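Structure first, then comments.
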Amino acid sequence: MGTFDLNRLKLLAVFVEVVSCGSFAAAARKLRSSRSRVSEQVAQLENSLGVRLLNRTTRQLSMTMEGREVFARASDLPGILADVEVASSQEVARGRVALTVNHDIAIARLLPALESFQQRYPRVQLDLVLCDDPLDLIAEQIDVAIRVGVPRDDSLIMRPLFEDRMQLFASPDYVALQGEPRSLSELEVRRWIMLQQASPVAEVSLYQGDQPVSFCPQNYHMCNSPLMAQRMVLAGLGVGCLLPSTVADELAAGRLVRLMPALQGEALQFSLVYPSRRQMPLRTRCLIEHLLAARLFA
């Protein structure tokens with residue numbers, strides 16, 4: 001056959017049904033088609049292959065030698081095609097979806113939405129890839145990502161979820177011990193918890209109103225995990241720039257204190273990101289729509 005030709009495979013399956021049923025009419029009933037259409041399809045297959053497969057008389061059909069050889073090799077084809085059709089069916093969401101997300105967002109925001117997703121789509125399973133650095137969705141075969149910031153690859157589809165700004169936080173114990181800073185100079189001399197992805201050169205860059213301000217703390221711990229950075233601030237190890245949406249519970253419980261509210265970072269957008277809308281499996285589309293409707297950051 002040279003190249004994969006789904007139409008020819010379907011014609012072969014029709015030929016197998018005709019032989020198995022013993023007549024065009026019986027095959028047509030099984031295939032929910034017409035006798036003339038089934039006869040036409042077998043003739044089309046013969047023309048395509050360049051050989052006669054069936055000898056036709058008014059009372060019976062008999063296979064030619066070539067027909068017997070083709071039937072022997074294609075007899076399993078109807079069942080295989082039926083299995084393929086079931087496997088590719090989009091009527092029910094099922095199968096595995098790979099989702100990548102930062103550790104802190106996964107625990108604070110994604111986890112509460114997973115129970116309702118499982119109840120609604122019990123035949124969909126997730127492969128959760130927790131990673132604090134952006135992965136190549138194509139190379140890593142990831143279906144969906146929750147990202148902070150604008151993707152560098154403009155071929156990716158981006159669906160906005162939420163917008164947030166970094167703010168300054170410390171634990172109540174730290175504030176009680178060190179006092180609450182009142183100026184940039186006081187902030188600069190405090191011990192800091194720095195997130196490597198946000199401050200690779202250990203520089204704090206913020207805005208006071210519309211005016212950018214920056215300074216370089218001399219006393220700091222550096223960390224490449226947003227979740228660990230949050231835990232270090234909660235443990236009283238220093239001041240940190242954190243996203244309020246990822247520490248909302250801790251802030252509400254009084255385990256974190258916001259410092260110098262006039263200072264905040266630039267706007268950061270949380271988004272659902274995925275490679276393409278074309279021929280998207282139902283399971284992936286259901287996950288995307290569920291996460292959009294769940295309002296993860298509300």
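Ordering of the structure tokens sets the chain letters (A, B, ...); residue numbers start at 1 within each chain; ligands are numbered from 1 in the order shown.
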
With the cut-off set at 9 Å and counting only C-alpha atoms, tabulate each residue of segment 169-193 of chain A with an atom at most that distance from an atom of segment 216-223 of chain A, showing the nearest atom pair and its distance in Å to one decimal, ordered by chain and increasing number, as a Markdown table.
| residue | atom | partner | partner_atom | distance |
| --- | --- | --- | --- | --- |
| A:Leu187 | CA | A:Pro217 | CA | 8.0 |
| A:Glu188 | CA | A:Pro217 | CA | 4.9 |
| A:Val189 | CA | A:Pro217 | CA | 6.3 |
| A:Arg190 | CA | A:Asn219 | CA | 6.8 |
| A:Arg191 | CA | A:Asn219 | CA | 4.9 |
| A:Trp192 | CA | A:Tyr220 | CA | 4.3 |
| A:Ile193 | CA | A:His221 | CA | 5.0 |

Saved selection, atoms kept: N, CA, C and O atoms, as a short mmCIF file (atom, residue, chain, number, x, y, z; two decimals), in the first residue's frame:
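Saved result, selection_18.cif, follows:
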data_model
loop_
_atom_site.label_atom_id
_atom_site.label_comp_id
_atom_site.auth_asym_id
_atom_site.auth_seq_id
_atom_site.Cartn_x
_atom_site.Cartn_y
_atom_site.Cartn_z
N LEU A 187 15.06 48.52 55.32
CA LEU A 187 14.82 47.26 54.63
C LEU A 187 16.13 46.65 54.13
O LEU A 187 16.35 45.44 54.21
N GLU A 188 16.99 47.50 53.63
CA GLU A 188 18.22 47.04 53.00
C GLU A 188 19.12 46.29 53.96
O GLU A 188 19.85 45.37 53.57
N VAL A 189 19.07 46.65 55.25
CA VAL A 189 19.97 46.02 56.21
C VAL A 189 19.35 44.81 56.90
O VAL A 189 20.01 44.16 57.72
N ARG A 190 18.11 44.49 56.59
CA ARG A 190 17.47 43.30 57.17
C ARG A 190 17.98 42.03 56.47
O ARG A 190 18.48 42.06 55.35
N ARG A 191 17.80 40.91 57.15
CA ARG A 191 18.08 39.63 56.50
C ARG A 191 16.93 39.31 55.55
O ARG A 191 15.76 39.44 55.91
N TRP A 192 17.27 38.86 54.35
CA TRP A 192 16.28 38.61 53.32
C TRP A 192 16.25 37.15 52.90
O TRP A 192 17.24 36.43 53.01
N ILE A 193 15.08 36.75 52.41
CA ILE A 193 14.92 35.47 51.72
C ILE A 193 14.71 35.81 50.25
O ILE A 193 13.67 36.36 49.87
#

Inset, instruction - Might you pull out every residue within 10 Å of Leu168 of chain A, with only C-alpha atoms counted and same-chain residues fewer than 4 positions away left off, and present them as number ranges by chain? - result: A: 187, 206, 239-244, 256-265

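When only C-alpha atoms are used to compute distances to Arg255 of chain A, the closest of the residues A:Glu186, A:Asp210, A:Asp173, A:Asp136 turns out to be A:Asp173.
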
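For the set A:Arg182, A:Arg96, A:Arg68, A:Lys10, the residue with the smallest atom-to-atom gap to Val38 of chain A is A:Lys10, counting only C-alpha atoms.
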
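Using only C-alpha atoms, the residues found no farther than 12 Å from Gln44 of chain A, other than those of its own chain fewer than 3 positions away, are Asn7, Arg8, Leu9, Lys10, Leu11, Leu12, Val14, Phe15, Arg37, Val38, Ser39, Glu40, Gln41, Asn47, Ser48, Leu49, Gly50, Val51, Arg52 and Leu53 of chain A.
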
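By chain and then residue number, the residues within 8 Å of segment 277-287 of chain A are Gln90, Glu91, Val92, Ala93, Arg94, Gly95, Arg96, Val97, Phe117, Val124, Asp143, Val144, Ile157, His290 and Leu291 of chain A, counting only C-alpha atoms and disregarding those fewer than 3 positions away in sequence.
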
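Counting from atom CA of Gln196 of chain A, the distance to atom CA of Tyr174 of chain A is 22.0 Å.
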
If you take only C-alpha atoms and a cut-off of 12 Å, which residues of segment 141-220 of chain A touch segment 125-130 of chain A, and what are their nearest atom pairs and distances in Å to one decimal, in chain and number order, as CSV?
residue,atom,partner,partner_atom,distance
A:Gln141,CA,A:Asp127,CA,10.8
A:Ile142,CA,A:Val129,CA,8.5
A:Asp143,CA,A:Asp127,CA,9.6
A:Val144,CA,A:Leu128,CA,9.9
A:Ala145,CA,A:Val129,CA,9.1
A:Ile146,CA,A:Leu130,CA,10.3
A:Arg147,CA,A:Leu130,CA,11.6

Legend entry - Those of segment 179-292 of chain A in DSSP strand (DSSP E or B), formatted as a ChimeraX atom specification: /A:192-195,204-208,211-215,220-223,239-242,257-259,263-264,267-274

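Among the candidate residues A:Met158, A:Ala108, A:Val18, A:Ala13, the one lying nearest to Asp76 of chain A is A:Ala13, with distances computed using only C-alpha atoms.
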
Picked from segment 6-250 of chain A by DSSP as helix (DSSP H, G or I), as a CSV table (one decimal) with N, CA, C and O atoms, in the first residue's frame:
chain,number,residue,atom,x,y,z
A,6,LEU,N,-6.1,5.5,5.3
A,6,LEU,CA,-7.2,5.1,6.2
A,6,LEU,C,-8.4,4.7,5.3
A,6,LEU,O,-9.1,3.7,5.7
A,7,ASN,N,-8.7,5.3,4.2
A,7,ASN,CA,-9.8,5.0,3.4
A,7,ASN,C,-9.7,3.6,2.8
A,7,ASN,O,-10.6,2.8,2.7
A,8,ARG,N,-8.4,3.2,2.4
A,8,ARG,CA,-8.2,1.9,1.9
A,8,ARG,C,-8.4,0.8,2.9
A,8,ARG,O,-8.9,-0.2,2.7
A,9,LEU,N,-8.0,1.2,4.2
A,9,LEU,CA,-8.2,0.2,5.3
A,9,LEU,C,-9.7,0.0,5.5
A,9,LEU,O,-10.1,-1.1,5.8
A,10,LYS,N,-10.5,1.1,5.4
A,10,LYS,CA,-11.9,0.9,5.5
A,10,LYS,C,-12.5,0.1,4.4
A,10,LYS,O,-13.4,-0.7,4.7
A,11,LEU,N,-12.0,0.3,3.2
A,11,LEU,CA,-12.5,-0.6,2.1
A,11,LEU,C,-12.1,-2.0,2.3
A,11,LEU,O,-12.9,-2.9,2.0
A,12,LEU,N,-11.0,-2.3,2.8
A,12,LEU,CA,-10.6,-3.7,3.2
A,12,LEU,C,-11.5,-4.3,4.2
A,12,LEU,O,-11.9,-5.4,4.1
A,13,ALA,N,-11.9,-3.4,5.2
A,13,ALA,CA,-12.8,-3.9,6.3
A,13,ALA,C,-14.1,-4.2,5.7
A,13,ALA,O,-14.8,-5.2,6.1
A,14,VAL,N,-14.6,-3.4,4.7
A,14,VAL,CA,-15.9,-3.7,4.1
A,14,VAL,C,-15.8,-5.1,3.3
A,14,VAL,O,-16.7,-5.9,3.4
A,15,PHE,N,-14.7,-5.3,2.6
A,15,PHE,CA,-14.5,-6.5,1.9
A,15,PHE,C,-14.5,-7.7,2.8
A,15,PHE,O,-15.2,-8.8,2.6
A,16,VAL,N,-13.9,-7.6,4.0
A,16,VAL,CA,-13.9,-8.7,5.0
A,16,VAL,C,-15.3,-9.0,5.5
A,16,VAL,O,-15.7,-10.1,5.6
A,17,GLU,N,-16.1,-7.9,5.7
A,17,GLU,CA,-17.5,-8.1,6.1
A,17,GLU,C,-18.3,-8.8,5.1
A,17,GLU,O,-19.1,-9.7,5.4
A,18,VAL,N,-18.1,-8.5,3.8
A,18,VAL,CA,-18.8,-9.1,2.7
A,18,VAL,C,-18.5,-10.6,2.7
A,18,VAL,O,-19.5,-11.5,2.6
A,19,VAL,N,-17.3,-11.0,2.8
A,19,VAL,CA,-16.9,-12.4,2.8
A,19,VAL,C,-17.4,-13.1,4.0
A,19,VAL,O,-18.0,-14.2,3.9
A,20,SER,N,-17.3,-12.5,5.2
A,20,SER,CA,-17.7,-13.1,6.4
A,20,SER,C,-19.3,-13.3,6.5
A,20,SER,O,-19.8,-14.3,7.0
A,21,CYS,N,-20.0,-12.3,5.9
A,21,CYS,CA,-21.5,-12.4,5.9
A,21,CYS,C,-22.0,-13.2,4.7
A,21,CYS,O,-23.2,-13.7,4.8
A,24,PHE,N,-23.4,-9.4,-0.3
A,24,PHE,CA,-23.4,-7.9,-0.2
A,24,PHE,C,-24.6,-7.4,0.7
A,24,PHE,O,-24.4,-6.5,1.5
A,25,ALA,N,-25.7,-8.1,0.5
A,25,ALA,CA,-26.9,-7.6,1.2
A,25,ALA,C,-26.7,-7.8,2.7
A,25,ALA,O,-27.1,-6.9,3.5
A,26,ALA,N,-26.2,-9.0,3.2
A,26,ALA,CA,-26.0,-9.2,4.6
A,26,ALA,C,-25.0,-8.3,5.2
A,26,ALA,O,-25.1,-7.8,6.3
A,27,ALA,N,-23.9,-8.0,4.4
A,27,ALA,CA,-22.9,-7.1,4.9
A,27,ALA,C,-23.5,-5.7,5.0
A,27,ALA,O,-23.1,-5.0,5.9
A,28,ALA,N,-24.3,-5.3,4.1
A,28,ALA,CA,-24.9,-4.0,4.1
A,28,ALA,C,-25.8,-3.8,5.3
A,28,ALA,O,-25.8,-2.8,6.0
A,29,ARG,N,-26.5,-4.9,5.7
A,29,ARG,CA,-27.3,-4.8,6.9
A,29,ARG,C,-26.5,-4.6,8.1
A,29,ARG,O,-26.8,-3.8,9.0
A,30,LYS,N,-25.4,-5.4,8.2
A,30,LYS,CA,-24.5,-5.3,9.4
A,30,LYS,C,-23.8,-3.9,9.4
A,30,LYS,O,-23.6,-3.4,10.5
A,31,LEU,N,-23.5,-3.4,8.3
A,31,LEU,CA,-22.7,-2.1,8.2
A,31,LEU,C,-23.7,-0.9,8.2
A,31,LEU,O,-23.2,0.2,8.2
A,35,ARG,N,-26.9,-2.1,-0.2
A,35,ARG,CA,-26.2,-3.2,-1.0
A,35,ARG,C,-25.4,-2.5,-2.1
A,35,ARG,O,-24.2,-2.9,-2.3
A,36,SER,N,-26.0,-1.5,-2.8
A,36,SER,CA,-25.2,-0.9,-3.9
A,36,SER,C,-24.0,-0.2,-3.4
A,36,SER,O,-22.9,-0.2,-4.1
A,37,ARG,N,-24.1,0.4,-2.2
A,37,ARG,CA,-22.9,1.2,-1.7
A,37,ARG,C,-21.8,0.2,-1.3
A,37,ARG,O,-20.6,0.4,-1.6
A,38,VAL,N,-22.1,-1.0,-0.7
A,38,VAL,CA,-21.1,-2.0,-0.3
A,38,VAL,C,-20.5,-2.5,-1.6
A,38,VAL,O,-19.3,-2.7,-1.6
A,39,SER,N,-21.3,-2.9,-2.6
A,39,SER,CA,-20.8,-3.4,-3.8
A,39,SER,C,-19.8,-2.4,-4.5
A,39,SER,O,-18.8,-2.8,-5.0
A,40,GLU,N,-20.2,-1.1,-4.4
A,40,GLU,CA,-19.4,-0.1,-5.0
A,40,GLU,C,-18.0,0.0,-4.3
A,40,GLU,O,-17.0,0.2,-4.9
A,41,GLN,N,-18.1,-0.1,-2.9
A,41,GLN,CA,-16.8,0.0,-2.1
A,41,GLN,C,-15.9,-1.2,-2.4
A,41,GLN,O,-14.7,-1.0,-2.5
A,42,VAL,N,-16.4,-2.4,-2.6
A,42,VAL,CA,-15.6,-3.5,-2.9
A,42,VAL,C,-15.0,-3.3,-4.3
A,42,VAL,O,-13.8,-3.6,-4.5
A,43,ALA,N,-15.8,-2.8,-5.3
A,43,ALA,CA,-15.2,-2.6,-6.6
A,43,ALA,C,-14.1,-1.5,-6.6
A,43,ALA,O,-13.1,-1.6,-7.3
A,44,GLN,N,-14.3,-0.5,-5.7
A,44,GLN,CA,-13.3,0.6,-5.6
A,44,GLN,C,-12.0,0.0,-5.0
A,44,GLN,O,-10.9,0.4,-5.5
A,45,LEU,N,-12.1,-1.0,-4.1
A,45,LEU,CA,-10.9,-1.6,-3.5
A,45,LEU,C,-10.2,-2.4,-4.6
A,45,LEU,O,-9.0,-2.4,-4.7
A,46,GLU,N,-11.0,-3.2,-5.4
A,46,GLU,CA,-10.4,-3.9,-6.5
A,46,GLU,C,-9.7,-3.0,-7.5
A,46,GLU,O,-8.6,-3.4,-7.9
A,47,ASN,N,-10.3,-1.9,-7.8
A,47,ASN,CA,-9.6,-1.0,-8.8
A,47,ASN,C,-8.4,-0.4,-8.2
A,47,ASN,O,-7.4,-0.3,-8.9
A,48,SER,N,-8.4,-0.2,-6.9
A,48,SER,CA,-7.2,0.4,-6.2
A,48,SER,C,-6.1,-0.6,-6.2
A,48,SER,O,-4.9,-0.2,-6.4
A,49,LEU,N,-6.4,-1.9,-5.9
A,49,LEU,CA,-5.4,-2.9,-5.8
A,49,LEU,C,-5.0,-3.4,-7.2
A,49,LEU,O,-3.9,-4.0,-7.3
A,65,MET,N,-8.2,-16.3,-6.0
A,65,MET,CA,-7.0,-16.6,-5.3
A,65,MET,C,-6.5,-15.4,-4.6
A,65,MET,O,-6.1,-15.5,-3.4
A,66,GLU,N,-6.5,-14.3,-5.3
A,66,GLU,CA,-6.0,-13.0,-4.6
A,66,GLU,C,-6.9,-12.6,-3.5
A,66,GLU,O,-6.5,-12.1,-2.5
A,67,GLY,N,-8.2,-12.9,-3.7
A,67,GLY,CA,-9.2,-12.5,-2.7
A,67,GLY,C,-8.9,-13.3,-1.4
A,67,GLY,O,-9.0,-12.8,-0.3
A,68,ARG,N,-8.6,-14.6,-1.5
A,68,ARG,CA,-8.3,-15.4,-0.4
A,68,ARG,C,-7.1,-14.9,0.4
A,68,ARG,O,-7.0,-14.9,1.6
A,69,GLU,N,-6.1,-14.5,-0.4
A,69,GLU,CA,-4.8,-14.0,0.3
A,69,GLU,C,-5.1,-12.7,1.0
A,69,GLU,O,-4.6,-12.5,2.1
A,70,VAL,N,-5.9,-11.8,0.4
A,70,VAL,CA,-6.2,-10.6,1.0
A,70,VAL,C,-7.0,-10.8,2.2
A,70,VAL,O,-6.8,-10.2,3.3
A,71,PHE,N,-8.0,-11.7,2.1
A,71,PHE,CA,-8.9,-11.9,3.3
A,71,PHE,C,-8.1,-12.5,4.5
A,71,PHE,O,-8.3,-12.1,5.6
A,72,ALA,N,-7.2,-13.4,4.2
A,72,ALA,CA,-6.4,-14.0,5.2
A,72,ALA,C,-5.6,-12.9,6.0
A,72,ALA,O,-5.4,-13.1,7.2
A,73,ARG,N,-5.1,-11.9,5.3
A,73,ARG,CA,-4.3,-10.9,6.0
A,73,ARG,C,-5.1,-9.8,6.6
A,73,ARG,O,-4.7,-9.1,7.5
A,74,ALA,N,-6.4,-9.6,6.1
A,74,ALA,CA,-7.2,-8.5,6.5
A,74,ALA,C,-8.3,-8.9,7.4
A,74,ALA,O,-9.1,-8.0,7.8
A,77,LEU,N,-9.1,-6.9,10.5
A,77,LEU,CA,-9.2,-5.4,10.3
A,77,LEU,C,-10.4,-4.7,10.8
A,77,LEU,O,-10.4,-3.7,11.5
A,78,PRO,N,-11.6,-5.3,10.6
A,78,PRO,CA,-12.8,-4.6,11.2
A,78,PRO,C,-12.8,-4.4,12.7
A,78,PRO,O,-13.2,-3.3,13.2
A,79,GLY,N,-12.3,-5.4,13.4
A,79,GLY,CA,-12.2,-5.3,14.8
A,79,GLY,C,-11.2,-4.3,15.2
A,79,GLY,O,-11.4,-3.5,16.2
A,80,ILE,N,-10.1,-4.2,14.5
A,80,ILE,CA,-9.0,-3.3,14.8
A,80,ILE,C,-9.5,-1.8,14.6
A,80,ILE,O,-9.3,-1.0,15.4
A,81,LEU,N,-10.2,-1.6,13.5
A,81,LEU,CA,-10.7,-0.3,13.2
A,81,LEU,C,-11.8,0.1,14.2
A,81,LEU,O,-11.9,1.3,14.6
A,82,ALA,N,-12.6,-0.8,14.6
A,82,ALA,CA,-13.6,-0.5,15.7
A,82,ALA,C,-12.9,-0.1,17.0
A,82,ALA,O,-13.3,0.8,17.6
A,83,ASP,N,-11.8,-0.8,17.3
A,83,ASP,CA,-11.0,-0.4,18.5
A,83,ASP,C,-10.4,0.9,18.4
A,83,ASP,O,-10.4,1.7,19.4
A,84,VAL,N,-9.9,1.2,17.2
A,84,VAL,CA,-9.3,2.6,17.0
A,84,VAL,C,-10.4,3.7,17.1
A,84,VAL,O,-10.1,4.7,17.7
A,85,GLU,N,-11.6,3.4,16.6
A,85,GLU,CA,-12.6,4.4,16.7
A,85,GLU,C,-13.0,4.6,18.1
A,85,GLU,O,-13.2,5.8,18.6
A,86,VAL,N,-13.1,3.6,18.9
A,86,VAL,CA,-13.4,3.7,20.4
A,86,VAL,C,-12.3,4.5,21.1
A,86,VAL,O,-12.6,5.4,21.9
A,87,ALA,N,-11.0,4.2,20.7
A,87,ALA,CA,-9.9,4.8,21.4
A,87,ALA,C,-9.8,6.3,21.1
A,87,ALA,O,-9.4,7.1,21.9
A,103,HIS,N,5.4,24.4,42.6
A,103,HIS,CA,5.0,23.7,43.8
A,103,HIS,C,4.0,24.5,44.7
A,103,HIS,O,3.0,23.9,45.2
A,104,ASP,N,4.3,25.8,44.9
A,104,ASP,CA,3.5,26.6,45.8
A,104,ASP,C,2.1,26.8,45.2
A,104,ASP,O,1.1,26.7,46.0
A,105,ILE,N,2.0,27.0,43.9
A,105,ILE,CA,0.6,27.2,43.3
A,105,ILE,C,-0.1,25.8,43.3
A,105,ILE,O,-1.3,25.8,43.6
A,106,ALA,N,0.6,24.7,43.1
A,106,ALA,CA,-0.1,23.4,43.1
A,106,ALA,C,-0.7,23.2,44.5
A,106,ALA,O,-1.9,22.7,44.5
A,107,ILE,N,0.0,23.4,45.5
A,107,ILE,CA,-0.5,23.1,46.9
A,107,ILE,C,-1.6,24.1,47.3
A,107,ILE,O,-2.6,23.8,47.8
A,108,ALA,N,-1.3,25.4,47.1
A,108,ALA,CA,-2.2,26.5,47.6
A,108,ALA,C,-3.4,26.7,46.8
A,108,ALA,O,-4.5,27.0,47.3
A,109,ARG,N,-3.3,26.5,45.4
A,109,ARG,CA,-4.4,26.8,44.5
A,109,ARG,C,-5.0,25.7,43.7
A,109,ARG,O,-6.2,25.6,43.5
A,110,LEU,N,-4.1,24.8,43.2
A,110,LEU,CA,-4.6,23.8,42.3
A,110,LEU,C,-5.2,22.6,43.1
A,110,LEU,O,-6.3,22.1,42.7
A,111,LEU,N,-4.6,22.2,44.2
A,111,LEU,CA,-5.1,21.1,45.0
A,111,LEU,C,-6.6,21.1,45.3
A,111,LEU,O,-7.3,20.2,45.2
A,112,PRO,N,-7.1,22.3,45.8
A,112,PRO,CA,-8.5,22.4,46.1
A,112,PRO,C,-9.5,22.1,45.0
A,112,PRO,O,-10.6,21.7,45.2
A,113,ALA,N,-9.0,22.3,43.7
A,113,ALA,CA,-9.8,22.2,42.6
A,113,ALA,C,-9.8,20.7,42.0
A,113,ALA,O,-10.6,20.4,41.1
A,114,LEU,N,-8.9,19.9,42.5
A,114,LEU,CA,-8.7,18.6,41.9
A,114,LEU,C,-9.9,17.6,42.3
A,114,LEU,O,-10.3,16.7,41.5
A,115,GLU,N,-10.4,17.8,43.5
A,115,GLU,CA,-11.5,16.9,43.9
A,115,GLU,C,-12.7,17.0,43.0
A,115,GLU,O,-13.3,16.0,42.6
A,116,SER,N,-13.1,18.3,42.7
A,116,SER,CA,-14.3,18.5,41.9
A,116,SER,C,-14.0,18.0,40.5
A,116,SER,O,-14.9,17.5,39.8
A,117,PHE,N,-12.8,18.2,40.0
A,117,PHE,CA,-12.4,17.7,38.6
A,117,PHE,C,-12.6,16.2,38.6
A,117,PHE,O,-13.1,15.6,37.6
A,118,GLN,N,-12.1,15.5,39.6
A,118,GLN,CA,-12.1,14.0,39.6
A,118,GLN,C,-13.6,13.6,39.7
A,118,GLN,O,-13.9,12.6,39.0
A,119,GLN,N,-14.4,14.2,40.4
A,119,GLN,CA,-15.8,13.8,40.5
A,119,GLN,C,-16.5,14.0,39.2
A,119,GLN,O,-17.3,13.2,38.8
A,120,ARG,N,-16.2,15.1,38.5
A,120,ARG,CA,-16.8,15.4,37.2
A,120,ARG,C,-16.3,14.6,36.0
A,120,ARG,O,-17.0,14.2,35.2
A,172,PRO,N,5.4,37.3,62.3
A,172,PRO,CA,5.2,38.1,63.5
A,172,PRO,C,6.4,38.0,64.4
A,172,PRO,O,6.7,39.0,65.0
A,173,ASP,N,7.0,36.9,64.6
A,173,ASP,CA,8.1,36.7,65.5
A,173,ASP,C,9.3,37.5,65.0
A,173,ASP,O,10.0,38.1,65.8
A,174,TYR,N,9.5,37.5,63.7
A,174,TYR,CA,10.6,38.3,63.1
A,174,TYR,C,10.4,39.8,63.4
A,174,TYR,O,11.3,40.5,63.8
A,175,VAL,N,9.2,40.3,63.1
A,175,VAL,CA,8.9,41.7,63.4
A,175,VAL,C,9.0,42.0,64.8
A,175,VAL,O,9.5,43.1,65.2
A,176,ALA,N,8.6,41.1,65.7
A,176,ALA,CA,8.7,41.4,67.1
A,176,ALA,C,10.1,41.5,67.6
A,176,ALA,O,10.5,42.3,68.4
A,177,LEU,N,11.0,40.7,67.0
A,177,LEU,CA,12.4,40.7,67.3
A,177,LEU,C,13.2,41.8,66.7
A,177,LEU,O,14.0,42.4,67.3
A,178,GLN,N,12.9,42.0,65.4
A,178,GLN,CA,13.7,43.0,64.6
A,178,GLN,C,13.1,44.4,64.5
A,178,GLN,O,13.7,45.3,64.1
A,184,LEU,N,13.5,52.4,53.1
A,184,LEU,CA,14.2,51.6,52.3
A,184,LEU,C,15.6,51.2,52.9
A,184,LEU,O,16.1,50.1,52.8
A,185,SER,N,16.2,52.2,53.6
A,185,SER,CA,17.5,51.9,54.2
A,185,SER,C,17.4,50.9,55.3
A,185,SER,O,18.3,50.1,55.5
A,186,GLU,N,16.2,50.9,56.0
A,186,GLU,CA,16.0,49.9,57.1
A,186,GLU,C,15.8,48.5,56.4
A,186,GLU,O,16.2,47.5,57.0
A,187,LEU,N,15.1,48.5,55.3
A,187,LEU,CA,14.8,47.3,54.6
A,187,LEU,C,16.1,46.7,54.1
A,187,LEU,O,16.3,45.4,54.2
A,188,GLU,N,17.0,47.5,53.6
A,188,GLU,CA,18.2,47.0,53.0
A,188,GLU,C,19.1,46.3,54.0
A,188,GLU,O,19.9,45.4,53.6
A,226,PRO,N,9.9,28.7,45.2
A,226,PRO,CA,8.9,29.7,45.8
A,226,PRO,C,8.3,29.1,47.1
A,226,PRO,O,8.1,29.8,48.1
A,227,LEU,N,8.0,27.8,47.1
A,227,LEU,CA,7.4,27.2,48.3
A,227,LEU,C,8.4,27.2,49.5
A,227,LEU,O,8.0,27.6,50.6
A,228,MET,N,9.6,26.9,49.2
A,228,MET,CA,10.6,26.9,50.3
A,228,MET,C,10.9,28.3,50.8
A,228,MET,O,11.0,28.6,52.0
A,229,ALA,N,10.9,29.3,49.9
A,229,ALA,CA,11.0,30.7,50.3
A,229,ALA,C,9.9,31.1,51.2
A,229,ALA,O,10.1,31.8,52.2
A,230,GLN,N,8.7,30.7,50.9
A,230,GLN,CA,7.5,31.0,51.8
A,230,GLN,C,7.7,30.4,53.1
A,230,GLN,O,7.5,31.1,54.2
A,231,ARG,N,8.2,29.2,53.1
A,231,ARG,CA,8.3,28.5,54.4
A,231,ARG,C,9.5,29.1,55.2
A,231,ARG,O,9.4,29.2,56.5
A,232,MET,N,10.5,29.6,54.6
A,232,MET,CA,11.6,30.3,55.3
A,232,MET,C,11.1,31.6,55.9
A,232,MET,O,11.5,31.9,57.0
A,233,VAL,N,10.3,32.3,55.2
A,233,VAL,CA,9.7,33.6,55.7
A,233,VAL,C,8.8,33.3,56.9
A,233,VAL,O,8.9,33.9,57.9
A,234,LEU,N,8.0,32.3,56.7
A,234,LEU,CA,7.1,31.9,57.8
A,234,LEU,C,7.9,31.4,59.1
A,234,LEU,O,7.4,31.6,60.2
A,244,PRO,N,0.9,37.6,47.3
A,244,PRO,CA,-0.2,37.4,48.3
A,244,PRO,C,-1.1,36.2,48.0
A,244,PRO,O,-1.6,35.6,48.9
A,245,SER,N,-1.4,36.0,46.7
A,245,SER,CA,-2.3,34.9,46.3
A,245,SER,C,-1.9,33.5,46.8
A,245,SER,O,-2.7,32.6,46.9
A,246,THR,N,-0.5,33.4,46.9
A,246,THR,CA,0.0,32.1,47.3
A,246,THR,C,0.2,31.9,48.8
A,246,THR,O,0.5,30.8,49.3
A,248,ALA,N,-2.3,33.5,51.0
A,248,ALA,CA,-3.5,34.1,51.5
A,248,ALA,C,-3.9,33.5,52.8
A,248,ALA,O,-4.4,34.2,53.8
A,249,ASP,N,-3.8,32.1,52.9
A,249,ASP,CA,-4.3,31.5,54.2
A,249,ASP,C,-3.4,31.8,55.3
A,249,ASP,O,-3.9,32.1,56.5
A,250,GLU,N,-2.1,31.9,55.1
A,250,GLU,CA,-1.1,32.2,56.2
A,250,GLU,C,-1.3,33.7,56.6
A,250,GLU,O,-1.3,34.0,57.8

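Nearest to Leu99 of chain A of all the residues A:Phe297, A:Glu289, A:Cys131, A:Pro122 is A:Cys131, counting only C-alpha atoms.
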